[in-house]
Amino acid sequence: MLTGSMVAMVTPMDTTGVVDWPALEKLVEHHIAQGTDAIVSVGTTGESATLDHDEHGEVIARTVQVVAGRIPVIGGTGANSTAEAIALTRHAADAGVDACLLVVPYYNKPPQEGLYQHFKAIAEAVAVPQILYNVPGRTAVDMANDTTVRLAAIENIVAIKDATNDLDRGRDLIARCGDDFAIYSGEDGTACELMLAGGKGTISVTANAAPQLMHRMCQAAISGDASGARALNDQLCDLHKAMFVESNPIPAKWAVKEQGLMGGGIRLPLVPLSEQYHDQVRSAMQKAGVL
């Protein structure tokens, strides 16, 4: 079971929006050195929506190659087409990922039975461990806990990233799904409390800018050190908020650029962080001790 701080890693790009491969390698090495527990490659924060299929596959494959087994790699392979999600998941599995992250289908708004059949079909088609991802704020459809519990009975569906920001729902899943199915936070602001309630980690945007501090906070929370975890989270709380002053990954990419780890490229229709937010993000980074 994967645990701890799993960074939803940004995809470095040059000023024209072309993937910056040397910066990708540098970023992977930085996360390993800083204690990040796993890397999610080409999730939402990695601009999956605007990478074409070849780029998507290559970013995941190169991340696996650079990591070289030192920490787990999770490939973002969700889609609102079941056939496309199967193809992306198969490609990532062939590249050697440790697991795949599959977002609830977006825009077409399937009913709960459609969600169950979608994820069941992917699990049956590709044997790799699979992590569900419920983020209703982006997909416009919310996967009910009852549906998640049904899916947890499928052998290679092993976890869920819960980005509902509803701690009661997360606690309900922890109580109902058992020890063999992990509940991960998808909301940095409430991740500490979810882990203290029994969650196994977080798939984090904040970890792009503060990987070591997020790792330490997660380790404390998972081990049950409530006072230690909350103290570390207090250092991070402004940064959690700052990472969403504009659409993710705009602030995260700006923060990582400010740390000198990559350039400032981002792909349209996203644009670089508005100047009005620079001081807020910079101040949050300084409070966390990462700038």
# chains A, B, ... in the order shown; residues from 1 in each chain; ligands from 1

call {"tool": "residues_around", "arguments": {"residues": "Ala197 in chain A", "least_positions_apart": "2", "cutoff": "9 Å", "atoms": "only C-alpha atoms", "output": "list in words"}}
result
Leu167, Gly170, Arg171, Ile174, Cys192, Glu193, Leu194, Met195, Gly199, Ala221, Ile222 and Gly224 of chain A

call {"tool": "write_last_selection", "arguments": {"atoms": "C-alpha atoms", "output": "mmCIF file, in the first residue's frame"}}
result
data_model
loop_
_atom_site.group_PDB
_atom_site.id
_atom_site.type_symbol
_atom_site.label_atom_id
_atom_site.label_comp_id
_atom_site.auth_asym_id
_atom_site.auth_seq_id
_atom_site.Cartn_x
_atom_site.Cartn_y
_atom_site.Cartn_z
ATOM 1 C CA LEU A 167 -14.053 15.044 6.265
ATOM 2 C CA GLY A 170 -13.698 10.565 4.223
ATOM 3 C CA ARG A 171 -14.195 9.137 7.689
ATOM 4 C CA ILE A 174 -12.272 4.759 6.170
ATOM 5 C CA CYS A 192 -3.789 16.401 7.993
ATOM 6 C CA GLU A 193 -7.111 15.745 9.708
ATOM 7 C CA LEU A 194 -8.075 12.982 7.277
ATOM 8 C CA MET A 195 -4.787 11.184 7.930
ATOM 9 C CA GLY A 199 -6.256 8.141 5.891
ATOM 10 C CA ALA A 221 -0.165 12.293 10.918
ATOM 11 C CA ILE A 222 -0.091 8.685 9.724
ATOM 12 C CA GLY A 224 -0.778 9.288 15.046
#

call {"tool": "residues_around", "arguments": {"residues": "range 230-236 of chain A", "least_positions_apart": "2", "cutoff": "12 Å", "atoms": "only C-alpha atoms", "output": "PyMOL selection string"}}
result
chain A and resi 188-196+204-207+209-222+224-228+238-243+281+283-290

call {"tool": "write_last_selection", "arguments": {"atoms": "C-alpha atoms", "output": "PDB file, in the first residue's frame"}}
result
ATOM      1  CA  ASP A 188      -4.274  19.794   1.110  1.00  0.00           C
ATOM      2  CA  GLY A 189      -6.174  21.980   3.564  1.00  0.00           C
ATOM      3  CA  THR A 190      -7.906  19.023   5.227  1.00  0.00           C
ATOM      4  CA  ALA A 191      -5.322  16.315   4.516  1.00  0.00           C
ATOM      5  CA  CYS A 192      -3.789  16.401   7.993  1.00  0.00           C
ATOM      6  CA  GLU A 193      -7.111  15.745   9.708  1.00  0.00           C
ATOM      7  CA  LEU A 194      -8.075  12.982   7.277  1.00  0.00           C
ATOM      8  CA  MET A 195      -4.787  11.184   7.930  1.00  0.00           C
ATOM      9  CA  LEU A 196      -5.230  11.562  11.686  1.00  0.00           C
ATOM     10  CA  SER A 204      -0.767  16.894  -2.916  1.00  0.00           C
ATOM     11  CA  VAL A 205      -0.443  20.116  -4.890  1.00  0.00           C
ATOM     12  CA  THR A 206       1.347  21.846  -1.995  1.00  0.00           C
ATOM     13  CA  ALA A 207       4.089  19.203  -2.145  1.00  0.00           C
ATOM     14  CA  ALA A 209       6.540  23.753  -3.441  1.00  0.00           C
ATOM     15  CA  ALA A 210       7.141  22.162  -0.011  1.00  0.00           C
ATOM     16  CA  PRO A 211       7.980  18.471  -0.538  1.00  0.00           C
ATOM     17  CA  GLN A 212      10.042  17.921   2.616  1.00  0.00           C
ATOM     18  CA  LEU A 213       7.573  19.644   4.928  1.00  0.00           C
ATOM     19  CA  MET A 214       4.633  17.756   3.408  1.00  0.00           C
ATOM     20  CA  HIS A 215       6.506  14.474   3.837  1.00  0.00           C
ATOM     21  CA  ARG A 216       7.194  15.236   7.500  1.00  0.00           C
ATOM     22  CA  MET A 217       3.605  16.294   8.154  1.00  0.00           C
ATOM     23  CA  CYS A 218       2.243  13.140   6.539  1.00  0.00           C
ATOM     24  CA  GLN A 219       4.594  10.885   8.464  1.00  0.00           C
ATOM     25  CA  ALA A 220       3.546  12.498  11.729  1.00  0.00           C
ATOM     26  CA  ALA A 221      -0.165  12.293  10.918  1.00  0.00           C
ATOM     27  CA  ILE A 222      -0.091   8.685   9.724  1.00  0.00           C
ATOM     28  CA  GLY A 224      -0.778   9.288  15.046  1.00  0.00           C
ATOM     29  CA  ASP A 225       1.364  12.201  16.254  1.00  0.00           C
ATOM     30  CA  ALA A 226      -1.490  14.705  16.237  1.00  0.00           C
ATOM     31  CA  SER A 227       0.329  17.616  17.882  1.00  0.00           C
ATOM     32  CA  GLY A 228       3.391  17.218  15.670  1.00  0.00           C
ATOM     33  CA  ASP A 238      -1.113  29.638   4.044  1.00  0.00           C
ATOM     34  CA  LEU A 239       0.623  27.712   1.272  1.00  0.00           C
ATOM     35  CA  HIS A 240      -2.328  25.313   0.953  1.00  0.00           C
ATOM     36  CA  LYS A 241      -4.540  28.335   0.292  1.00  0.00           C
ATOM     37  CA  ALA A 242      -2.033  30.097  -1.955  1.00  0.00           C
ATOM     38  CA  MET A 243      -1.835  27.111  -4.292  1.00  0.00           C
ATOM     39  CA  VAL A 281       2.188  33.155  -2.866  1.00  0.00           C
ATOM     40  CA  SER A 283       4.663  35.222   1.533  1.00  0.00           C
ATOM     41  CA  ALA A 284       3.123  31.762   1.990  1.00  0.00           C
ATOM     42  CA  MET A 285       6.294  30.142   0.687  1.00  0.00           C
ATOM     43  CA  GLN A 286       8.398  32.199   3.105  1.00  0.00           C
ATOM     44  CA  LYS A 287       6.169  31.189   6.046  1.00  0.00           C
ATOM     45  CA  ALA A 288       6.681  27.552   5.086  1.00  0.00           C
ATOM     46  CA  GLY A 289      10.426  28.097   4.793  1.00  0.00           C
ATOM     47  CA  VAL A 290      10.632  27.034   1.172  1.00  0.00           C
TER      48      VAL A 290
END

call {"tool": "residues_around", "arguments": {"residues": "Lys120 in chain A", "least_positions_apart": "2", "cutoff": "10 Å", "atoms": "only C-alpha atoms", "output": "list in words"}}
result
Thr82, Gly114, Leu115, Tyr116, Gln117, His118, Ile122, Ala123, Glu124, Ala125, Arg150, Leu151, Ile154, Asn156 and Ile157 of chain A

call {"tool": "residues_around", "arguments": {"residues": "Gln65 in chain A", "least_positions_apart": "2", "cutoff": "12 Å", "atoms": "only C-alpha atoms", "output": "PyMOL selection string"}}
result
chain A and resi 24-25+28-29+58-63+67-73+95-97

call {"tool": "residues_around", "arguments": {"residues": "Ala127 in chain A", "least_positions_apart": "6", "cutoff": "12 Å", "atoms": "only C-alpha atoms", "output": "list in words"}}
result
Ile86, Thr89, Arg90, His91, Ala92, Ala93, Asp94, Val97, Asp98, Ala99, Cys100, Lys120, Ala121, Ile154, Glu155, Asn156, Ile157 and Val158 of chain A

call {"tool": "atom_distance", "arguments": {"atom1": "CA of Tyr133 in chain A", "atom2": "CA of Asp54 in chain A"}}
result
22.7 Å

call {"tool": "closest_residue", "arguments": {"among": "A:His278, A:Lys26, A:His31, A:Lys200", "to": "Ala8 in chain A", "atoms": "only C-alpha atoms"}}
result
A:His31

call {"tool": "closest_atom_pairs", "arguments": {"of": "range 35-128 of chain A", "to": "range 248-271 of chain A", "cutoff": "12 Å", "atoms": "only C-alpha atoms", "output": "CSV"}}
result
residue,atom,partner,partner_atom,distance
A:Val42,CA,A:Pro249,CA,11.6
A:Gly43,CA,A:Pro249,CA,10.3
A:Thr44,CA,A:Pro249,CA,7.8
A:Thr45,CA,A:Pro249,CA,5.0
A:Gly46,CA,A:Pro249,CA,7.5
A:Glu47,CA,A:Pro249,CA,7.5
A:Ser48,CA,A:Arg267,CA,10.5
A:Ala49,CA,A:Arg267,CA,9.8
A:Thr50,CA,A:Arg267,CA,7.1
A:Leu51,CA,A:Arg267,CA,8.7
A:Asp52,CA,A:Arg267,CA,11.7

call {"tool": "write_last_selection", "arguments": {"atoms": "N, CA and C atoms", "output": "PDB file, in the first residue's frame"}}
result
ATOM      1  N   VAL A  42       1.373  13.316 -14.602  1.00  0.00           N
ATOM      2  CA  VAL A  42       0.295  13.692 -15.530  1.00  0.00           C
ATOM      3  C   VAL A  42      -1.088  13.498 -14.899  1.00  0.00           C
ATOM      4  N   GLY A  43      -1.226  14.011 -13.688  1.00  0.00           N
ATOM      5  CA  GLY A  43      -2.554  14.218 -13.144  1.00  0.00           C
ATOM      6  C   GLY A  43      -3.068  15.577 -13.600  1.00  0.00           C
ATOM      7  N   THR A  44      -4.099  16.072 -12.945  1.00  0.00           N
ATOM      8  CA  THR A  44      -4.611  17.397 -13.279  1.00  0.00           C
ATOM      9  C   THR A  44      -3.519  18.449 -13.150  1.00  0.00           C
ATOM     10  N   THR A  45      -2.737  18.368 -12.064  1.00  0.00           N
ATOM     11  CA  THR A  45      -1.671  19.338 -11.835  1.00  0.00           C
ATOM     12  C   THR A  45      -0.580  19.232 -12.889  1.00  0.00           C
ATOM     13  N   GLY A  46      -0.455  18.069 -13.507  1.00  0.00           N
ATOM     14  CA  GLY A  46       0.508  17.870 -14.585  1.00  0.00           C
ATOM     15  C   GLY A  46      -0.012  18.269 -15.949  1.00  0.00           C
ATOM     16  N   GLU A  47      -1.157  18.975 -15.992  1.00  0.00           N
ATOM     17  CA  GLU A  47      -1.770  19.486 -17.229  1.00  0.00           C
ATOM     18  C   GLU A  47      -2.179  18.370 -18.191  1.00  0.00           C
ATOM     19  N   SER A  48      -2.751  17.324 -17.624  1.00  0.00           N
ATOM     20  CA  SER A  48      -3.208  16.209 -18.453  1.00  0.00           C
ATOM     21  C   SER A  48      -4.217  16.644 -19.504  1.00  0.00           C
ATOM     22  N   ALA A  49      -4.987  17.668 -19.212  1.00  0.00           N
ATOM     23  CA  ALA A  49      -6.038  18.084 -20.142  1.00  0.00           C
ATOM     24  C   ALA A  49      -5.498  18.641 -21.451  1.00  0.00           C
ATOM     25  N   THR A  50      -4.245  19.126 -21.442  1.00  0.00           N
ATOM     26  CA  THR A  50      -3.717  19.753 -22.658  1.00  0.00           C
ATOM     27  C   THR A  50      -2.469  19.070 -23.203  1.00  0.00           C
ATOM     28  N   LEU A  51      -2.052  17.956 -22.616  1.00  0.00           N
ATOM     29  CA  LEU A  51      -1.022  17.127 -23.242  1.00  0.00           C
ATOM     30  C   LEU A  51      -1.688  16.169 -24.215  1.00  0.00           C
ATOM     31  N   ASP A  52      -1.125  16.020 -25.413  1.00  0.00           N
ATOM     32  CA  ASP A  52      -1.701  15.031 -26.327  1.00  0.00           C
ATOM     33  C   ASP A  52      -1.296  13.625 -25.874  1.00  0.00           C
TER      34      ASP A  52
END

call {"tool": "closest_residue", "arguments": {"among": "A:Ile160, A:Val149, A:Leu173, A:Leu273", "to": "Met1 in chain A", "atoms": "only C-alpha atoms"}}
result
A:Ile160

call {"tool": "select_by_dssp", "arguments": {"residues": "range 101-259 of chain A", "states": "alpha helix (DSSP H)", "output": "PyMOL selection string"}}
result
chain A and resi 112-125+136-139+145-152+167-177+188-196+211-222+226-242+250-258

call {"tool": "atom_distance", "arguments": {"atom1": "CA of Ser5 in chain A", "atom2": "CA of Val135 in chain A"}}
result
18.4 Å

call {"tool": "atom_distance", "arguments": {"atom1": "CA of Glu187 in chain A", "atom2": "CA of Asn165 in chain A"}}
result
6.0 Å

call {"tool": "select_by_dssp", "arguments": {"residues": "range 63-276 of chain A", "states": "strand (DSSP E)", "output": "list in words"}}
result
Val73, Ile74, Gly75, Gly76, Ala99, Cys100, Leu101, Leu102, Val103, Gln130, Ile131, Leu132, Tyr133, Asn134, Ile157, Val158, Ala159, Ile160, Lys161, Asp162, Ala182, Ile183, Tyr184, Ser185, Gly201, Thr202, Ile203 and Ser204 of chain A

call {"tool": "write_last_selection", "arguments": {"atoms": "N, CA and C atoms", "output": "mmCIF file, in the first residue's frame"}}
result
data_model
loop_
_atom_site.group_PDB
_atom_site.id
_atom_site.type_symbol
_atom_site.label_atom_id
_atom_site.label_comp_id
_atom_site.auth_asym_id
_atom_site.auth_seq_id
_atom_site.Cartn_x
_atom_site.Cartn_y
_atom_site.Cartn_z
ATOM 1 N N VAL A 73 5.793 5.445 -8.668
ATOM 2 C CA VAL A 73 5.244 6.392 -9.645
ATOM 3 C C VAL A 73 3.815 5.979 -9.959
ATOM 4 N N ILE A 74 2.921 6.942 -9.889
ATOM 5 C CA ILE A 74 1.512 6.738 -10.201
ATOM 6 C C ILE A 74 1.208 7.513 -11.478
ATOM 7 N N GLY A 75 0.668 6.845 -12.474
ATOM 8 C CA GLY A 75 0.341 7.509 -13.730
ATOM 9 C C GLY A 75 -1.106 7.982 -13.729
ATOM 10 N N GLY A 76 -1.319 9.237 -14.085
ATOM 11 C CA GLY A 76 -2.674 9.732 -14.258
ATOM 12 C C GLY A 76 -3.225 9.275 -15.589
ATOM 13 N N ALA A 99 1.131 2.228 -10.019
ATOM 14 C CA ALA A 99 -0.322 2.320 -9.929
ATOM 15 C C ALA A 99 -0.797 3.377 -10.910
ATOM 16 N N CYS A 100 -2.107 3.417 -11.155
ATOM 17 C CA CYS A 100 -2.697 4.451 -11.994
ATOM 18 C C CYS A 100 -3.772 5.191 -11.214
ATOM 19 N N LEU A 101 -3.930 6.475 -11.509
ATOM 20 C CA LEU A 101 -4.927 7.326 -10.883
ATOM 21 C C LEU A 101 -5.992 7.656 -11.931
ATOM 22 N N LEU A 102 -7.242 7.317 -11.609
ATOM 23 C CA LEU A 102 -8.318 7.407 -12.596
ATOM 24 C C LEU A 102 -9.420 8.327 -12.097
ATOM 25 N N VAL A 103 -9.540 9.480 -12.732
ATOM 26 C CA VAL A 103 -10.520 10.473 -12.325
ATOM 27 C C VAL A 103 -11.924 10.044 -12.737
ATOM 28 N N GLN A 130 -5.085 0.265 -9.151
ATOM 29 C CA GLN A 130 -5.782 1.470 -9.599
ATOM 30 C C GLN A 130 -6.350 2.251 -8.422
ATOM 31 N N ILE A 131 -6.194 3.587 -8.525
ATOM 32 C CA ILE A 131 -6.661 4.518 -7.501
ATOM 33 C C ILE A 131 -7.778 5.354 -8.115
ATOM 34 N N LEU A 132 -8.947 5.322 -7.512
ATOM 35 C CA LEU A 132 -10.059 6.148 -7.952
ATOM 36 C C LEU A 132 -9.793 7.603 -7.550
ATOM 37 N N TYR A 133 -10.428 8.535 -8.267
ATOM 38 C CA TYR A 133 -10.218 9.959 -7.971
ATOM 39 C C TYR A 133 -11.549 10.684 -8.110
ATOM 40 N N ASN A 134 -12.092 11.075 -6.968
ATOM 41 C CA ASN A 134 -13.374 11.778 -6.952
ATOM 42 C C ASN A 134 -13.149 13.257 -6.677
ATOM 43 N N ILE A 157 -8.540 -2.495 -7.577
ATOM 44 C CA ILE A 157 -8.896 -1.127 -7.206
ATOM 45 C C ILE A 157 -8.547 -0.990 -5.737
ATOM 46 N N VAL A 158 -7.481 -0.229 -5.451
ATOM 47 C CA VAL A 158 -6.825 -0.332 -4.147
ATOM 48 C C VAL A 158 -6.971 0.915 -3.272
ATOM 49 N N ALA A 159 -7.491 2.027 -3.839
ATOM 50 C CA ALA A 159 -7.518 3.268 -3.067
ATOM 51 C C ALA A 159 -8.415 4.283 -3.758
ATOM 52 N N ILE A 160 -8.677 5.369 -3.055
ATOM 53 C CA ILE A 160 -9.365 6.511 -3.647
ATOM 54 C C ILE A 160 -8.685 7.795 -3.190
ATOM 55 N N LYS A 161 -8.554 8.724 -4.106
ATOM 56 C CA LYS A 161 -8.189 10.098 -3.791
ATOM 57 C C LYS A 161 -9.499 10.867 -3.637
ATOM 58 N N ASP A 162 -9.808 11.253 -2.410
ATOM 59 C CA ASP A 162 -11.078 11.924 -2.119
ATOM 60 C C ASP A 162 -10.837 13.432 -2.064
ATOM 61 N N ALA A 182 -7.074 1.991 0.614
ATOM 62 C CA ALA A 182 -6.538 3.223 1.196
ATOM 63 C C ALA A 182 -7.395 4.426 0.821
ATOM 64 N N ILE A 183 -7.572 5.317 1.793
ATOM 65 C CA ILE A 183 -8.235 6.589 1.547
ATOM 66 C C ILE A 183 -7.162 7.676 1.578
ATOM 67 N N TYR A 184 -6.975 8.360 0.453
ATOM 68 C CA TYR A 184 -6.027 9.460 0.356
ATOM 69 C C TYR A 184 -6.792 10.773 0.256
ATOM 70 N N SER A 185 -6.233 11.798 0.841
ATOM 71 C CA SER A 185 -6.814 13.129 0.690
ATOM 72 C C SER A 185 -6.454 13.709 -0.677
ATOM 73 N N GLY A 201 -2.570 8.891 3.347
ATOM 74 C CA GLY A 201 -1.681 9.831 2.694
ATOM 75 C C GLY A 201 -2.462 10.896 1.970
ATOM 76 N N THR A 202 -1.735 11.707 1.211
ATOM 77 C CA THR A 202 -2.367 12.754 0.417
ATOM 78 C C THR A 202 -1.710 12.833 -0.949
ATOM 79 N N ILE A 203 -2.510 13.057 -1.957
ATOM 80 C CA ILE A 203 -1.999 13.366 -3.295
ATOM 81 C C ILE A 203 -2.063 14.877 -3.397
ATOM 82 N N SER A 204 -0.901 15.511 -3.342
ATOM 83 C CA SER A 204 -0.767 16.894 -2.916
ATOM 84 C C SER A 204 -0.292 17.837 -4.013
#

call {"tool": "closest_residue", "arguments": {"among": "A:Val7, A:Ala163, A:Val18, A:Ala87", "to": "Thr36 in chain A", "atoms": "only C-alpha atoms"}}
result
A:Val7

call {"tool": "closest_residue", "arguments": {"among": "A:Leu291, A:Val245, A:Val104, A:Cys237", "to": "Ala144 in chain A", "atoms": "only C-alpha atoms"}}
result
A:Val104
